file input_11.pdb (PDB, C-alpha atoms, pLDDT in the B column)
ATOM      1  CA  GLN C  26      18.432   8.335  -4.761  1.00 88.00           C
ATOM      2  CA  VAL C  27      14.986   7.763  -3.285  1.00 93.00           C
ATOM      3  CA  GLN C  28      14.915   5.742  -0.090  1.00 96.00           C
ATOM      4  CA  LEU C  29      11.792   3.842   0.836  1.00 97.00           C
ATOM      5  CA  VAL C  30      10.874   2.204   4.127  1.00 97.00           C
ATOM      6  CA  GLU C  31       7.920  -0.165   4.310  1.00 97.00           C
ATOM      7  CA  SER C  32       6.019  -1.277   7.366  1.00 97.00           C
ATOM      8  CA  GLY C  33       2.771  -2.936   8.288  1.00 97.00           C
ATOM      9  CA  GLY C  34       3.300  -6.489   7.124  1.00 97.00           C
ATOM     10  CA  GLY C  35       2.587  -9.486   9.278  1.00 97.00           C
ATOM     11  CA  LEU C  36       0.504 -12.587   9.751  1.00 98.00           C
ATOM     12  CA  VAL C  37      -3.240 -12.405   9.202  1.00 98.00           C
ATOM     13  CA  GLN C  38      -6.009 -14.938   8.785  1.00 98.00           C
ATOM     14  CA  ALA C  39      -7.820 -15.364   5.511  1.00 98.00           C
ATOM     15  CA  GLY C  40     -10.534 -12.748   5.150  1.00 97.00           C
ATOM     16  CA  GLY C  41      -8.615 -10.258   7.226  1.00 98.00           C
ATOM     17  CA  SER C  42      -7.056  -6.914   6.379  1.00 98.00           C
ATOM     18  CA  LEU C  43      -3.698  -5.218   6.560  1.00 98.00           C
ATOM     19  CA  ARG C  44      -2.477  -1.754   5.733  1.00 98.00           C
ATOM     20  CA  LEU C  45       1.043  -1.316   4.469  1.00 98.00           C
ATOM     21  CA  SER C  46       2.865   1.989   4.704  1.00 98.00           C
ATOM     22  CA  CYS C  47       5.811   3.284   2.712  1.00 98.00           C
ATOM     23  CA  VAL C  48       7.671   6.367   3.802  1.00 97.00           C
ATOM     24  CA  ALA C  49       9.802   8.047   1.143  1.00 96.00           C
ATOM     25  CA  SER C  50      12.901  10.111   1.775  1.00 94.00           C
ATOM     26  CA  GLU C  51      11.613  12.837  -0.546  1.00 90.00           C
ATOM     27  CA  ASN C  52       8.456  14.730  -1.368  1.00 88.00           C
ATOM     28  CA  ILE C  53       6.322  12.084  -3.069  1.00 89.00           C
ATOM     29  CA  LEU C  54       4.653  14.690  -5.265  1.00 85.00           C
ATOM     30  CA  THR C  55       7.993  15.168  -7.009  1.00 87.00           C
ATOM     31  CA  ILE C  56       8.203  11.456  -7.782  1.00 89.00           C
ATOM     32  CA  LYS C  57       6.640  10.453 -11.096  1.00 87.00           C
ATOM     33  CA  GLY C  58       5.045   7.311  -9.772  1.00 93.00           C
ATOM     34  CA  MET C  59       4.926   5.222  -6.658  1.00 96.00           C
ATOM     35  CA  GLY C  60       3.484   1.843  -6.061  1.00 97.00           C
ATOM     36  CA  TRP C  61       3.619  -1.607  -4.632  1.00 98.00           C
ATOM     37  CA  TYR C  62       4.925  -4.853  -6.049  1.00 97.00           C
ATOM     38  CA  ARG C  63       4.866  -8.286  -4.528  1.00 98.00           C
ATOM     39  CA  GLN C  64       6.804 -11.476  -4.966  1.00 98.00           C
ATOM     40  CA  ALA C  65       5.686 -14.853  -3.748  1.00 96.00           C
ATOM     41  CA  PRO C  66       8.121 -17.789  -3.383  1.00 92.00           C
ATOM     42  CA  GLY C  67       8.924 -19.278  -6.776  1.00 95.00           C
ATOM     43  CA  LYS C  68       6.996 -16.597  -8.642  1.00 96.00           C
ATOM     44  CA  GLN C  69       7.899 -13.478 -10.535  1.00 96.00           C
ATOM     45  CA  ARG C  70       7.483 -10.060  -9.025  1.00 96.00           C
ATOM     46  CA  GLU C  71       4.146  -8.545  -9.988  1.00 96.00           C
ATOM     47  CA  LEU C  72       2.560  -5.142  -9.828  1.00 96.00           C
ATOM     48  CA  VAL C  73       0.007  -4.720  -7.080  1.00 98.00           C
ATOM     49  CA  ALA C  74      -0.922  -1.049  -7.375  1.00 98.00           C
ATOM     50  CA  GLY C  75       0.494   2.274  -8.478  1.00 97.00           C
ATOM     51  CA  ILE C  76      -0.240   5.960  -8.081  1.00 96.00           C
ATOM     52  CA  SER C  77       1.100   8.740 -10.266  1.00 93.00           C
ATOM     53  CA  ASP C  78       2.254  12.167  -9.192  1.00 90.00           C
ATOM     54  CA  GLY C  79      -1.088  13.424 -10.486  1.00 91.00           C
ATOM     55  CA  GLY C  80      -3.020  10.972  -8.356  1.00 92.00           C
ATOM     56  CA  SER C  81      -4.088   8.469 -10.998  1.00 96.00           C
ATOM     57  CA  THR C  82      -4.157   4.899  -9.778  1.00 96.00           C
ATOM     58  CA  LEU C  83      -3.835   1.487 -11.355  1.00 96.00           C
ATOM     59  CA  TYR C  84      -4.034  -2.029 -10.029  1.00 97.00           C
ATOM     60  CA  GLY C  85      -2.770  -5.458 -10.882  1.00 94.00           C
ATOM     61  CA  ASP C  86      -5.093  -8.017 -12.377  1.00 87.00           C
ATOM     62  CA  SER C  87      -8.040  -8.882 -10.141  1.00 85.00           C
ATOM     63  CA  LEU C  88      -6.770  -6.802  -7.224  1.00 89.00           C
ATOM     64  CA  GLU C  89      -8.853  -3.670  -7.620  1.00 86.00           C
ATOM     65  CA  GLY C  90     -11.766  -3.874  -5.260  1.00 89.00           C
ATOM     66  CA  ARG C  91      -9.782  -5.664  -2.569  1.00 96.00           C
ATOM     67  CA  PHE C  92      -6.675  -3.470  -2.568  1.00 97.00           C
ATOM     68  CA  THR C  93      -6.593   0.320  -2.387  1.00 97.00           C
ATOM     69  CA  ILE C  94      -3.571   2.550  -2.836  1.00 98.00           C
ATOM     70  CA  SER C  95      -3.532   6.024  -1.359  1.00 97.00           C
ATOM     71  CA  ARG C  96      -1.070   8.652  -0.237  1.00 96.00           C
ATOM     72  CA  ASP C  97      -0.473  11.363   2.311  1.00 96.00           C
ATOM     73  CA  ALA C  98       1.832  13.893   0.719  1.00 93.00           C
ATOM     74  CA  ALA C  99       2.327  15.763   3.985  1.00 95.00           C
ATOM     75  CA  ARG C 100       3.837  12.587   5.444  1.00 96.00           C
ATOM     76  CA  ASN C 101       5.629  11.488   2.247  1.00 95.00           C
ATOM     77  CA  THR C 102       3.775   8.235   2.701  1.00 97.00           C
ATOM     78  CA  VAL C 103       1.993   5.841   0.382  1.00 97.00           C
ATOM     79  CA  TYR C 104      -0.398   3.257   1.756  1.00 98.00           C
ATOM     80  CA  LEU C 105      -1.752  -0.041   0.541  1.00 98.00           C
ATOM     81  CA  GLN C 106      -4.986  -1.126   2.156  1.00 98.00           C
ATOM     82  CA  MET C 107      -5.544  -4.837   1.635  1.00 98.00           C
ATOM     83  CA  ASP C 108      -8.921  -6.389   2.423  1.00 98.00           C
ATOM     84  CA  SER C 109     -10.416  -9.859   2.081  1.00 97.00           C
ATOM     85  CA  LEU C 110      -6.966 -11.369   2.046  1.00 98.00           C
ATOM     86  CA  THR C 111      -6.450 -14.926   0.862  1.00 97.00           C
ATOM     87  CA  PRO C 112      -3.468 -17.273   1.213  1.00 97.00           C
ATOM     88  CA  GLU C 113      -2.641 -16.449  -2.416  1.00 96.00           C
ATOM     89  CA  ASP C 114      -1.788 -12.921  -1.290  1.00 97.00           C
ATOM     90  CA  THR C 115       1.121 -14.254   0.755  1.00 98.00           C
ATOM     91  CA  ALA C 116       4.284 -12.584  -0.521  1.00 98.00           C
ATOM     92  CA  VAL C 117       6.958 -10.024   0.180  1.00 98.00           C
ATOM     93  CA  TYR C 118       5.531  -6.620  -0.660  1.00 98.00           C
ATOM     94  CA  TYR C 119       7.869  -3.960  -1.974  1.00 98.00           C
ATOM     95  CA  CYS C 120       7.308  -0.241  -2.199  1.00 98.00           C
ATOM     96  CA  ALA C 121       8.552   1.280  -5.445  1.00 97.00           C
ATOM     97  CA  ALA C 122       9.291   4.750  -6.717  1.00 96.00           C
ATOM     98  CA  GLU C 123       9.975   5.781 -10.289  1.00 93.00           C
ATOM     99  CA  ARG C 124      12.078   8.838 -11.010  1.00 88.00           C
ATOM    100  CA  MET C 125      13.917   9.852 -14.162  1.00 88.00           C
ATOM    101  CA  GLY C 126      13.732   6.388 -15.642  1.00 90.00           C
ATOM    102  CA  ARG C 127      14.962   4.601 -12.562  1.00 93.00           C
ATOM    103  CA  THR C 128      12.941   2.412 -10.236  1.00 93.00           C
ATOM    104  CA  TYR C 129      13.790   2.303  -6.565  1.00 96.00           C
ATOM    105  CA  LEU C 130      12.581  -0.454  -4.256  1.00 96.00           C
ATOM    106  CA  GLY C 131      12.314  -0.675  -0.504  1.00 97.00           C
ATOM    107  CA  GLN C 132      13.564  -3.612   1.502  1.00 97.00           C
ATOM    108  CA  GLY C 133      10.182  -5.305   1.471  1.00 97.00           C
ATOM    109  CA  THR C 134       7.728  -6.377   4.120  1.00 97.00           C
ATOM    110  CA  GLN C 135       6.408  -9.904   4.532  1.00 98.00           C
ATOM    111  CA  VAL C 136       2.683 -10.539   4.359  1.00 98.00           C
ATOM    112  CA  THR C 137       1.508 -14.000   5.312  1.00 98.00           C
ATOM    113  CA  VAL C 138      -2.134 -15.024   5.089  1.00 98.00           C
ATOM    114  CA  SER C 139      -3.102 -18.210   6.866  1.00 97.00           C
ATOM    115  CA  SER C 140      -6.045 -20.354   5.814  1.00 94.00           C
TER
END

call {"tool": "encode", "arguments": {"input": "input_11.pdb", "output": "structure tokens"}}
result
Amino acid sequence: QVQLVESGGGLVQAGGSLRLSCVASENILTIKGMGWYRQAPGKQRELVAGISDGGSTLYGDSLEGRFTISRDAARNTVYLQMDSLTPEDTAVYYCAAERMGRTYLGQGTQVTVSS
């Protein structure tokens, strides 16, 4: 079982930036894919960004350019850099890992963007 611990959420004003971190309990290069999801109140969970074991990245609709996913394999850590934040980005952000057909989620970190 892959354990994931997120950090870096908080309150930020519109136009500001945050960087989320996700530390995995295992070598992230052995995990097929890692990424970030978010869920706002009353909305479905949506993909924010993902990175494969080979380093390929993908982003949710309209997020590429403002959000950047990266990783530090030596630290078993995946990051999500979020810039030009808007109130619509307010949500709980979850780190995710996919291994052998199973998806593991962290406990989530709250991001709140004030107008």

call {"tool": "residues_around", "arguments": {"input": "input_11.pdb", "residues": "Gly34 of chain C", "least_positions_apart": "2", "cutoff": "7 Å", "atoms": "all atoms listed in the file", "output": "PyMOL selection string"}}
result
chain C and resi 32+45+134-136

call {"tool": "residues_around", "arguments": {"input": "input_11.pdb", "residues": "Ser139 of chain C", "least_positions_apart": "2", "cutoff": "8 Å", "atoms": "only C-alpha atoms", "output": "list of chain:residue names"}}
result
C:Leu36, C:Val37, C:Gln38, C:Ala39, C:Thr111, C:Pro112, C:Thr137

call {"tool": "residues_around", "arguments": {"input": "input_11.pdb", "residues": "Ile76 of chain C", "least_positions_apart": "2", "cutoff": "12 Å", "atoms": "all atoms listed in the file", "output": "ChimeraX atom specification"}}
result
/C:53-54,56-61,72-74,78-84,93-97,102-105,120-123

call {"tool": "closest_residue", "arguments": {"input": "input_11.pdb", "among": "C:Ala65, C:Leu43, C:Val27, C:Leu88", "to": "Thr128 of chain C", "atoms": "all atoms listed in the file"}}
result
C:Val27

call {"tool": "atom_distance", "arguments": {"input": "input_11.pdb", "atom1": "atom CA of Met107 of chain C", "atom2": "atom CA of Gln132 of chain C"}}
result
19.1 Å

call {"tool": "atom_distance", "arguments": {"input": "input_11.pdb", "atom1": "atom CA of Asp86 of chain C", "atom2": "atom CA of Gln106 of chain C"}}
result
16.1 Å

call {"tool": "resolve_selection", "arguments": {"input": "input_11.pdb", "expression": "the PyMOL selection byres ((chain C and resi 31) around 6)", "output": "list in words"}}
result
Val30, Ser32, Ser46 and Cys47 of chain C

call {"tool": "write_last_selection", "arguments": {"input": "input_11.pdb", "atoms": "C-alpha atoms", "output": "PDB file, in the frame of the given file"}}
result
ATOM      1  CA  VAL C  30      10.874   2.204   4.127  1.00 97.00           C
ATOM      2  CA  SER C  32       6.019  -1.277   7.366  1.00 97.00           C
ATOM      3  CA  SER C  46       2.865   1.989   4.704  1.00 98.00           C
ATOM      4  CA  CYS C  47       5.811   3.284   2.712  1.00 98.00           C
TER       5      CYS C  47
END

call {"tool": "closest_residue", "arguments": {"input": "input_11.pdb", "among": "C:Gln26, C:Gly40, C:Arg63, C:Ser140", "to": "Arg127 of chain C", "atoms": "only C-alpha atoms"}}
result
C:Gln26

call {"tool": "atom_distance", "arguments": {"input": "input_11.pdb", "atom1": "atom CA of Ala49 of chain C", "atom2": "atom CA of Glu113 of chain C"}}
result
27.7 Å

call {"tool": "closest_residue", "arguments": {"input": "input_11.pdb", "among": "C:Glu71, C:Ser77, C:Val138, C:Asn101", "to": "Tyr118 of chain C", "atoms": "only C-alpha atoms"}}
result
C:Glu71

call {"tool": "closest_residue", "arguments": {"input": "input_11.pdb", "among": "C:Ala98, C:Leu110, C:Val48, C:Val117", "to": "Tyr62 of chain C", "atoms": "all atoms listed in the file"}}
result
C:Val117
